[in-house]
Every structure is written in C-alpha cells, then in structure tokens.
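Text of protein-v1.pdb (PDB, C-alpha atoms) as supplied:
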ATOM      1  CA  MET A   1       0.000   0.000   0.000  1.00  0.00           C
ATOM      2  CA  ARG A   2       2.744   2.435   0.944  1.00  0.00           C
ATOM      3  CA  ALA A   3       4.606   1.766  -2.310  1.00  0.00           C
ATOM      4  CA  GLU A   4       1.386   2.344  -4.258  1.00  0.00           C
ATOM      5  CA  LYS A   5       0.834   5.688  -2.526  1.00  0.00           C
ATOM      6  CA  HIS A   6       4.386   6.757  -3.256  1.00  0.00           C
ATOM      7  CA  ALA A   7       4.005   5.779  -6.906  1.00  0.00           C
ATOM      8  CA  ALA A   8       0.796   7.792  -7.083  1.00  0.00           C
ATOM      9  CA  GLY A   9       2.650  10.801  -5.703  1.00  0.00           C
ATOM     10  CA  GLN A  10       5.339  10.397  -8.349  1.00  0.00           C
ATOM     11  CA  ASN A  11       2.672  10.542 -11.056  1.00  0.00           C
ATOM     12  CA  ALA A  12       1.168  13.760  -9.697  1.00  0.00           C
ATOM     13  CA  ALA A  13       3.271  15.792 -12.132  1.00  0.00           C
ATOM     14  CA  LYS A  14       2.787  15.237 -15.865  1.00  0.00           C
ATOM     15  CA  GLN A  15       6.191  14.957 -17.475  1.00  0.00           C
ATOM     16  CA  PRO A  16       6.982  17.492 -20.214  1.00  0.00           C
ATOM     17  CA  ARG A  17       7.598  16.127 -23.690  1.00  0.00           C
ATOM     18  CA  THR A  18       9.708  18.965 -25.085  1.00  0.00           C
ATOM     19  CA  ALA A  19      12.655  21.088 -23.970  1.00  0.00           C
ATOM     20  CA  ARG A  20      10.356  24.111 -23.863  1.00  0.00           C
ATOM     21  CA  GLY A  21       7.928  22.172 -21.685  1.00  0.00           C
ATOM     22  CA  ALA A  22      10.755  21.215 -19.342  1.00  0.00           C
ATOM     23  CA  GLN A  23      11.718  24.895 -19.045  1.00  0.00           C
ATOM     24  CA  THR A  24       8.126  25.845 -18.227  1.00  0.00           C
ATOM     25  CA  MET A  25       7.869  23.127 -15.608  1.00  0.00           C
ATOM     26  CA  ARG A  26      11.174  24.290 -14.097  1.00  0.00           C
ATOM     27  CA  LYS A  27       9.811  27.830 -13.880  1.00  0.00           C
ATOM     28  CA  LEU A  28       6.676  26.561 -12.157  1.00  0.00           C
ATOM     29  CA  LEU A  29       8.640  24.510  -9.631  1.00  0.00           C
ATOM     30  CA  ASP A  30      10.965  27.434  -8.874  1.00  0.00           C
ATOM     31  CA  ALA A  31       7.962  29.708  -8.469  1.00  0.00           C
ATOM     32  CA  ALA A  32       6.263  27.134  -6.237  1.00  0.00           C
ATOM     33  CA  GLU A  33       9.383  27.041  -4.064  1.00  0.00           C
ATOM     34  CA  ALA A  34       9.155  30.804  -3.570  1.00  0.00           C
ATOM     35  CA  GLU A  35       5.373  30.819  -3.088  1.00  0.00           C
ATOM     36  CA  PHE A  36       5.220  27.953  -0.582  1.00  0.00           C
ATOM     37  CA  GLY A  37       8.383  29.103   1.144  1.00  0.00           C
ATOM     38  CA  GLU A  38       7.072  32.616   1.655  1.00  0.00           C
ATOM     39  CA  ARG A  39       3.374  32.024   2.253  1.00  0.00           C
ATOM     40  CA  GLY A  40       3.148  28.424   3.436  1.00  0.00           C
ATOM     41  CA  PHE A  41       1.012  25.715   1.876  1.00  0.00           C
ATOM     42  CA  HIS A  42      -2.404  26.923   3.004  1.00  0.00           C
ATOM     43  CA  GLU A  43      -1.926  30.566   2.026  1.00  0.00           C
ATOM     44  CA  ALA A  44      -0.155  29.793  -1.249  1.00  0.00           C
ATOM     45  CA  SER A  45      -2.212  29.756  -4.434  1.00  0.00           C
ATOM     46  CA  VAL A  46      -1.947  28.436  -7.970  1.00  0.00           C
ATOM     47  CA  SER A  47      -2.395  31.976  -9.306  1.00  0.00           C
ATOM     48  CA  GLY A  48       0.447  33.129  -7.067  1.00  0.00           C
ATOM     49  CA  ILE A  49       2.688  30.411  -8.495  1.00  0.00           C
ATOM     50  CA  THR A  50       1.891  31.251 -12.122  1.00  0.00           C
ATOM     51  CA  ARG A  51       2.302  34.962 -11.429  1.00  0.00           C
ATOM     52  CA  ARG A  52       5.767  34.379 -10.001  1.00  0.00           C
ATOM     53  CA  ALA A  53       6.630  32.065 -12.891  1.00  0.00           C
ATOM     54  CA  GLY A  54       5.373  34.530 -15.497  1.00  0.00           C
ATOM     55  CA  THR A  55       3.251  31.833 -17.110  1.00  0.00           C
ATOM     56  CA  ALA A  56      -0.406  31.538 -18.036  1.00  0.00           C
ATOM     57  CA  LEU A  57      -2.731  29.765 -15.623  1.00  0.00           C
ATOM     58  CA  GLY A  58      -3.368  27.139 -18.266  1.00  0.00           C
ATOM     59  CA  SER A  59       0.322  26.242 -18.298  1.00  0.00           C
ATOM     60  CA  PHE A  60       0.065  25.161 -14.680  1.00  0.00           C
ATOM     61  CA  TYR A  61      -2.711  22.698 -15.440  1.00  0.00           C
ATOM     62  CA  THR A  62      -0.692  21.241 -18.291  1.00  0.00           C
ATOM     63  CA  TYR A  63       1.619  19.747 -15.676  1.00  0.00           C
ATOM     64  CA  PHE A  64      -0.319  19.701 -12.397  1.00  0.00           C
ATOM     65  CA  ASP A  65      -3.946  19.089 -11.515  1.00  0.00           C
ATOM     66  CA  THR A  66      -3.960  20.770  -8.092  1.00  0.00           C
ATOM     67  CA  LYS A  67      -1.925  22.801  -5.625  1.00  0.00           C
ATOM     68  CA  ASP A  68      -1.339  19.562  -3.720  1.00  0.00           C
ATOM     69  CA  ASP A  69       0.208  18.006  -6.838  1.00  0.00           C
ATOM     70  CA  VAL A  70       2.724  20.788  -7.377  1.00  0.00           C
ATOM     71  CA  PHE A  71       3.610  20.691  -3.678  1.00  0.00           C
ATOM     72  CA  ARG A  72       4.319  16.953  -3.840  1.00  0.00           C
ATOM     73  CA  ALA A  73       6.367  17.447  -6.998  1.00  0.00           C
ATOM     74  CA  LEU A  74       8.295  20.267  -5.329  1.00  0.00           C
ATOM     75  CA  VAL A  75       9.212  18.144  -2.300  1.00  0.00           C
ATOM     76  CA  ARG A  76      10.560  15.422  -4.604  1.00  0.00           C
ATOM     77  CA  ASP A  77      12.327  18.003  -6.762  1.00  0.00           C
ATOM     78  CA  MET A  78      14.091  19.652  -3.826  1.00  0.00           C
ATOM     79  CA  SER A  79      15.119  16.282  -2.445  1.00  0.00           C
ATOM     80  CA  GLU A  80      16.597  15.340  -5.828  1.00  0.00           C
ATOM     81  CA  ARG A  81      18.405  18.676  -6.115  1.00  0.00           C
ATOM     82  CA  VAL A  82      20.034  18.148  -2.726  1.00  0.00           C
ATOM     83  CA  LYS A  83      21.076  14.671  -3.857  1.00  0.00           C
ATOM     84  CA  THR A  84      22.526  16.075  -7.087  1.00  0.00           C
ATOM     85  CA  GLN A  85      24.448  18.875  -5.388  1.00  0.00           C
ATOM     86  CA  VAL A  86      25.878  16.621  -2.701  1.00  0.00           C
ATOM     87  CA  GLY A  87      26.672  13.826  -5.143  1.00  0.00           C
ATOM     88  CA  GLY A  88      28.364  16.233  -7.528  1.00  0.00           C
ATOM     89  CA  ALA A  89      30.596  17.572  -4.770  1.00  0.00           C
ATOM     90  CA  ILE A  90      31.909  14.161  -3.739  1.00  0.00           C
ATOM     91  CA  GLY A  91      34.897  13.408  -5.898  1.00  0.00           C
ATOM     92  CA  PRO A  92      36.842  10.164  -6.273  1.00  0.00           C
ATOM     93  CA  GLY A  93      39.581   9.192  -3.883  1.00  0.00           C
ATOM     94  CA  LEU A  94      38.166  10.829  -0.766  1.00  0.00           C
ATOM     95  CA  SER A  95      38.354   9.081   2.579  1.00  0.00           C
ATOM     96  CA  PRO A  96      35.001   8.236   4.225  1.00  0.00           C
ATOM     97  CA  LEU A  97      35.389  11.139   6.654  1.00  0.00           C
ATOM     98  CA  ASP A  98      36.309  13.511   3.824  1.00  0.00           C
ATOM     99  CA  VAL A  99      33.202  12.334   1.983  1.00  0.00           C
ATOM    100  CA  GLU A 100      30.934  13.203   4.916  1.00  0.00           C
ATOM    101  CA  CYS A 101      32.638  16.545   5.417  1.00  0.00           C
ATOM    102  CA  THR A 102      32.251  17.366   1.718  1.00  0.00           C
ATOM    103  CA  ALA A 103      28.630  16.213   1.698  1.00  0.00           C
ATOM    104  CA  LEU A 104      27.742  18.437   4.651  1.00  0.00           C
ATOM    105  CA  GLU A 105      29.516  21.420   3.137  1.00  0.00           C
ATOM    106  CA  ALA A 106      27.608  20.963  -0.128  1.00  0.00           C
ATOM    107  CA  PHE A 107      24.330  20.650   1.767  1.00  0.00           C
ATOM    108  CA  LEU A 108      25.004  23.880   3.669  1.00  0.00           C
ATOM    109  CA  GLU A 109      25.774  25.659   0.398  1.00  0.00           C
ATOM    110  CA  PHE A 110      22.460  24.444  -1.018  1.00  0.00           C
ATOM    111  CA  VAL A 111      20.505  25.519   2.043  1.00  0.00           C
ATOM    112  CA  ARG A 112      21.943  29.024   1.933  1.00  0.00           C
ATOM    113  CA  THR A 113      20.534  29.539  -1.555  1.00  0.00           C
ATOM    114  CA  HIS A 114      17.301  27.612  -0.916  1.00  0.00           C
ATOM    115  CA  LYS A 115      16.313  28.586   2.623  1.00  0.00           C
ATOM    116  CA  GLU A 116      12.691  27.725   1.817  1.00  0.00           C
ATOM    117  CA  ILE A 117      13.519  24.010   1.885  1.00  0.00           C
ATOM    118  CA  TYR A 118      13.036  23.770   5.647  1.00  0.00           C
ATOM    119  CA  ARG A 119       9.554  25.252   5.666  1.00  0.00           C
ATOM    120  CA  ILE A 120       8.520  23.201   2.659  1.00  0.00           C
ATOM    121  CA  ILE A 121       9.831  19.895   4.000  1.00  0.00           C
ATOM    122  CA  ASP A 122       8.374  20.571   7.459  1.00  0.00           C
ATOM    123  CA  GLU A 123       4.932  21.299   5.991  1.00  0.00           C
ATOM    124  CA  ALA A 124       5.139  18.110   3.957  1.00  0.00           C
ATOM    125  CA  GLU A 125       4.828  16.161   7.219  1.00  0.00           C
ATOM    126  CA  PHE A 126       1.191  17.269   7.350  1.00  0.00           C
ATOM    127  CA  VAL A 127       0.372  18.009   3.708  1.00  0.00           C
ATOM    128  CA  ASP A 128       1.936  14.893   2.186  1.00  0.00           C
ATOM    129  CA  PRO A 129       3.376  12.507   4.804  1.00  0.00           C
ATOM    130  CA  GLU A 130       4.515  10.034   2.145  1.00  0.00           C
ATOM    131  CA  SER A 131       6.793  12.595   0.474  1.00  0.00           C
ATOM    132  CA  TYR A 132       8.028  13.772   3.856  1.00  0.00           C
ATOM    133  CA  ARG A 133       8.980  10.275   4.926  1.00  0.00           C
ATOM    134  CA  ALA A 134      10.467   9.409   1.540  1.00  0.00           C
ATOM    135  CA  HIS A 135      12.694  12.500   1.674  1.00  0.00           C
ATOM    136  CA  TYR A 136      14.310  11.467   4.933  1.00  0.00           C
ATOM    137  CA  GLU A 137      14.381   7.747   4.218  1.00  0.00           C
ATOM    138  CA  THR A 138      16.191   8.194   0.914  1.00  0.00           C
ATOM    139  CA  THR A 139      18.618  10.700   2.440  1.00  0.00           C
ATOM    140  CA  ALA A 140      19.439   8.330   5.297  1.00  0.00           C
ATOM    141  CA  SER A 141      19.843   5.408   2.890  1.00  0.00           C
ATOM    142  CA  ARG A 142      22.469   7.354   0.926  1.00  0.00           C
ATOM    143  CA  ILE A 143      24.416   8.030   4.118  1.00  0.00           C
ATOM    144  CA  GLU A 144      24.088   4.393   5.147  1.00  0.00           C
ATOM    145  CA  ALA A 145      25.458   3.305   1.768  1.00  0.00           C
ATOM    146  CA  ARG A 146      28.459   5.587   2.215  1.00  0.00           C
ATOM    147  CA  LEU A 147      29.070   4.166   5.681  1.00  0.00           C
ATOM    148  CA  ALA A 148      28.947   0.648   4.272  1.00  0.00           C
ATOM    149  CA  LYS A 149      31.741   1.541   1.844  1.00  0.00           C
ATOM    150  CA  GLY A 150      33.806   2.948   4.686  1.00  0.00           C
ATOM    151  CA  MET A 151      33.318  -0.200   6.728  1.00  0.00           C
ATOM    152  CA  ALA A 152      34.244  -2.365   3.775  1.00  0.00           C
ATOM    153  CA  SER A 153      37.517  -0.476   3.365  1.00  0.00           C
ATOM    154  CA  GLY A 154      38.263  -0.789   7.084  1.00  0.00           C
ATOM    155  CA  GLU A 155      38.410   2.993   7.559  1.00  0.00           C
ATOM    156  CA  LEU A 156      35.238   3.133   9.643  1.00  0.00           C
ATOM    157  CA  ARG A 157      34.035   1.167  12.629  1.00  0.00           C
ATOM    158  CA  PRO A 158      32.724  -2.261  11.626  1.00  0.00           C
ATOM    159  CA  ASP A 159      29.491  -1.985  13.625  1.00  0.00           C
ATOM    160  CA  LEU A 160      27.825   0.999  11.916  1.00  0.00           C
ATOM    161  CA  GLU A 161      24.181   0.585  10.913  1.00  0.00           C
ATOM    162  CA  GLU A 162      21.016   2.395   9.883  1.00  0.00           C
ATOM    163  CA  ALA A 163      20.638   4.219  13.222  1.00  0.00           C
ATOM    164  CA  HIS A 164      24.090   5.765  12.798  1.00  0.00           C
ATOM    165  CA  ALA A 165      23.053   7.099   9.393  1.00  0.00           C
ATOM    166  CA  TRP A 166      19.906   8.659  10.863  1.00  0.00           C
ATOM    167  CA  ALA A 167      21.923  10.224  13.687  1.00  0.00           C
ATOM    168  CA  MET A 168      24.322  11.765  11.194  1.00  0.00           C
ATOM    169  CA  MET A 169      21.458  13.020   9.066  1.00  0.00           C
ATOM    170  CA  GLY A 170      19.883  14.623  12.135  1.00  0.00           C
ATOM    171  CA  MET A 171      23.137  16.440  12.855  1.00  0.00           C
ATOM    172  CA  ASN A 172      23.329  17.696   9.273  1.00  0.00           C
ATOM    173  CA  VAL A 173      19.707  18.859   9.254  1.00  0.00           C
ATOM    174  CA  PHE A 174      20.098  20.979  12.360  1.00  0.00           C
ATOM    175  CA  LEU A 175      23.478  22.344  11.332  1.00  0.00           C
ATOM    176  CA  GLY A 176      21.790  23.403   8.097  1.00  0.00           C
ATOM    177  CA  LEU A 177      19.042  25.128  10.040  1.00  0.00           C
ATOM    178  CA  ARG A 178      21.451  26.961  12.348  1.00  0.00           C
ATOM    179  CA  TYR A 179      24.181  27.872   9.870  1.00  0.00           C
ATOM    180  CA  GLY A 180      22.267  27.873   6.594  1.00  0.00           C
ATOM    181  CA  VAL A 181      18.841  29.311   7.330  1.00  0.00           C
ATOM    182  CA  TRP A 182      19.113  31.288  10.559  1.00  0.00           C
ATOM    183  CA  THR A 183      22.594  32.758  10.066  1.00  0.00           C
ATOM    184  CA  ASP A 184      25.627  32.485   7.835  1.00  0.00           C
ATOM    185  CA  ASP A 185      28.158  33.632  10.408  1.00  0.00           C
ATOM    186  CA  ARG A 186      30.384  30.595   9.870  1.00  0.00           C
ATOM    187  CA  SER A 187      31.527  29.201   6.556  1.00  0.00           C
ATOM    188  CA  PRO A 188      30.192  25.823   5.388  1.00  0.00           C
ATOM    189  CA  ALA A 189      33.758  24.501   5.411  1.00  0.00           C
ATOM    190  CA  GLU A 190      34.259  25.547   9.027  1.00  0.00           C
ATOM    191  CA  VAL A 191      30.989  23.959  10.154  1.00  0.00           C
ATOM    192  CA  ALA A 192      31.786  20.789   8.235  1.00  0.00           C
ATOM    193  CA  GLU A 193      35.166  20.539   9.959  1.00  0.00           C
ATOM    194  CA  ILE A 194      33.491  20.813  13.365  1.00  0.00           C
ATOM    195  CA  ALA A 195      31.140  17.969  12.399  1.00  0.00           C
ATOM    196  CA  ARG A 196      34.129  16.003  11.175  1.00  0.00           C
ATOM    197  CA  SER A 197      35.749  16.250  14.596  1.00  0.00           C
ATOM    198  CA  LEU A 198      32.681  14.579  16.085  1.00  0.00           C
ATOM    199  CA  LEU A 199      32.659  11.852  13.458  1.00  0.00           C
ATOM    200  CA  GLU A 200      36.340  11.127  13.950  1.00  0.00           C
ATOM    201  CA  ARG A 201      35.602  10.170  17.522  1.00  0.00           C
ATOM    202  CA  GLY A 202      32.299   8.491  16.775  1.00  0.00           C
ATOM    203  CA  ILE A 203      32.477   6.447  13.575  1.00  0.00           C
ATOM    204  CA  ALA A 204      36.175   6.199  12.717  1.00  0.00           C
ATOM    205  CA  ASN A 205      37.887   2.914  13.395  1.00  0.00           C
ATOM    206  CA  PRO A 206      40.573   3.658  16.030  1.00  0.00           C
ATOM    207  CA  LYS A 207      42.609   0.759  14.653  1.00  0.00           C
ATOM    208  CA  ALA A 208      42.725   2.208  11.127  1.00  0.00           C
TER
END
Structure re-expressed in structure tokens:
Amino acid sequence: MRAEKHAAGQNAAKQPRTARGAQTMRKLLDAAEAEFGERGFHEASVSGITRRAGTALGSFYTYFDTKDDVFRALVRDMSERVKTQVGGAIGPGLSPLDVECTALEAFLEFVRTHKEIYRIIDEAEFVDPESYRAHYETTASRIEARLAKGMASGELRPDLEEAHAWAMMGMNVFLGLRYGVWTDDRSPAEVAEIARSLLERGIANPKA
C-alpha cells in the first residue's frame, strides 16, 4: 500500500515532452518554491505560483492538476536537487570522513541559496506525509550506503548501521538550520570541519 501511494505521488506531475515544456515546468517549480516558502502551503495559491513564474494559468494545469500536486512534486524536486548537489561535490579518492565533510559542506551551500527548503519539508509532514517520509528515508539510505563503503575499506568502525546514518542526518539537518537558514556567520567549510571532529571520535575505526 505504501509503495502504491508513493508511486501515485510520483505521477502527480505530468512529465513534459519537449525542452520548452521542461523549461516551463522548471519555472513553475521554482515559483512554487518561492510561493510555498514565503506564504506556506495553506496561504499559497496556484495563481500566485503562475504569477511568479510569469506563465499563463493554463500552463500550470498542463503539468499539475492541483496545488497539492505541485507541492508533492516540489518536495521530490528539492530532495533530488540536494542529492545532485551533494553527489556532484563528492569526488573520487576521498576518505570516508572527507566524503561526509564534503557532503555536509555541499548541503550547507544548497541551504543558503534555498532557505525555503526547511519550511517546505516541514509542511510536507502534514500536507503529504509520504513525500516527507520518503525525503528522509532516501537521504538516510544514501548516508548508510556511504558508511557501508567505509566499513568495507576498514576505515570506519565495523558496527555501523542504519541508526548511525539517521543520527548523522539529524546532525546535518540541524546544522543546516542553524548555519544555513538562521545565520551564515560561519563558513560551510568551518561547520563541516566541526562535524568532522565529532565523526572522527564516533564512527572512525581507532585501529585504522
């Protein structure tokens, strides 16, 4: 049942068939980010989204049936954009701790240019619980996969598991809130190094 609901959510947006359509959909999603981020889900409106996007009202309904649909699509879109930015920042040859430091730094950089993500994701808990849960589950699974690689290489403790990944994600989320949304008084690199110092004592293999 849960998988069926998630699949239904993925079909809420009608995929564009042309490059021009993809550009229009991108404009609508960017406008939805601003509209929901500024006004919240309940006060936001389809007309407000199309006004911000500079598109006709009919263009919205080419890709979305309702305000709920564009919200669900936006949550998935922002989650994918975080994944892309973090994944793109992680280069080859990094140690497991360097990977986590780089991932956090990239996340903080994203948050500073997309501060609306926190309000949007938080509202998803009530507007679309499936998207909310999927966002965090997929994020934690990516961290868990990275930890597995570190364990396999012997550079990380051999007893790391899913709960460790969720704990690390929780740290990253609140560091993003404090140093990405509320203030930018410390650089992402500096914050990431502080987190690294915790990880060195928590997940690193002392025998490595």
Legend entry - Residue neighbourhood stretch 68-76 of chain A, 8 Å, all atoms listed in the file, exclusion window fewer than 2 positions, as an MDAnalysis selection string: chainID A and resid 9:10 12:13 29 32:33 41 64:66 78:80 120:121 124 127:128 131:132 135
Inset, instruction - Run the PyMOL selection byres ((chain A and resi 38) around 12) against the file shown and list the residues it catches, as a list in words. - result: Ala31, Ala32, Glu33, Ala34, Glu35, Phe36, Gly37, Arg39, Gly40, Phe41, His42, Glu43, Ala44, Ser45, Gly48, Ile49, Arg52, His114, Lys115, Glu116, Ile117, Tyr118, Arg119 and Ile120 of chain A
Inset, instruction - Kindly indicate which residue among A:Cys101, A:Val191, A:Leu28, A:Ala140 lies nearest to A:Asp77, using all atoms listed in the file for the distances. - result: A:Leu28
Inset, instruction - Give me the result of the PyMOL selection byres ((chain A and resi 83) around 12) on this file, residue by residue, as an NGL selection string. - result: :A and (76-82 or 84-90 or 103-104 or 106-107 or 110 or 135-136 or 138-143)
Inset, instruction - Write out as a PyMOL selection string which residues come within 9 Å of A:Leu160 when counting only C-alpha atoms, dropping same-chain ones fewer than 3 positions away. - result: chain A and resi 144+147-148+151+156-157+163-165+203
Inset, instruction - Any chance you could resolve the PyMOL selection byres ((chain A and resi 184-186) around 12) against this file and give the residues as a VMD selection string? - result: chain A and resid 105 108 to 109 111 to 113 115 175 to 183 187 to 194
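Going from atom CA of A:Ala152 over to atom CA of A:Glu200, you cover 17.0 Å.
Between atom CA of A:Thr50 and atom CA of A:Glu130 the separation is 25.7 Å.
Taking atom CA of A:Gly170 and atom CA of A:Arg196 as endpoints, the distance between them is 14.3 Å.
Nearest residue to A:Ala145 among A:Val99, A:Ala204, A:Glu125, A:Val173 is A:Val99, counting only C-alpha atoms.
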Padding of 5 Å on every side, edges along x, y and z, all listed atoms of stretch 104-120 of chain A included: what centre and edge lengths in Å, to one decimal, does that box have, as JSON?
{"center_x": 19.0, "center_y": 24.0, "center_z": 2.1, "size_x": 31.0, "size_y": 21.1, "size_z": 17.2}
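Distance annotation: of A:Arg201, A:Arg133, A:Pro96, A:Phe126, the residue with the minimal separation from A:Gly150 is A:Pro96; atom set is all atoms listed in the file.
Ranking A:Gly202, A:Ala134, A:Leu94, A:Pro129 by their shortest atom-to-atom distance to A:Lys149, with all atoms listed in the file included, puts A:Leu94 first.
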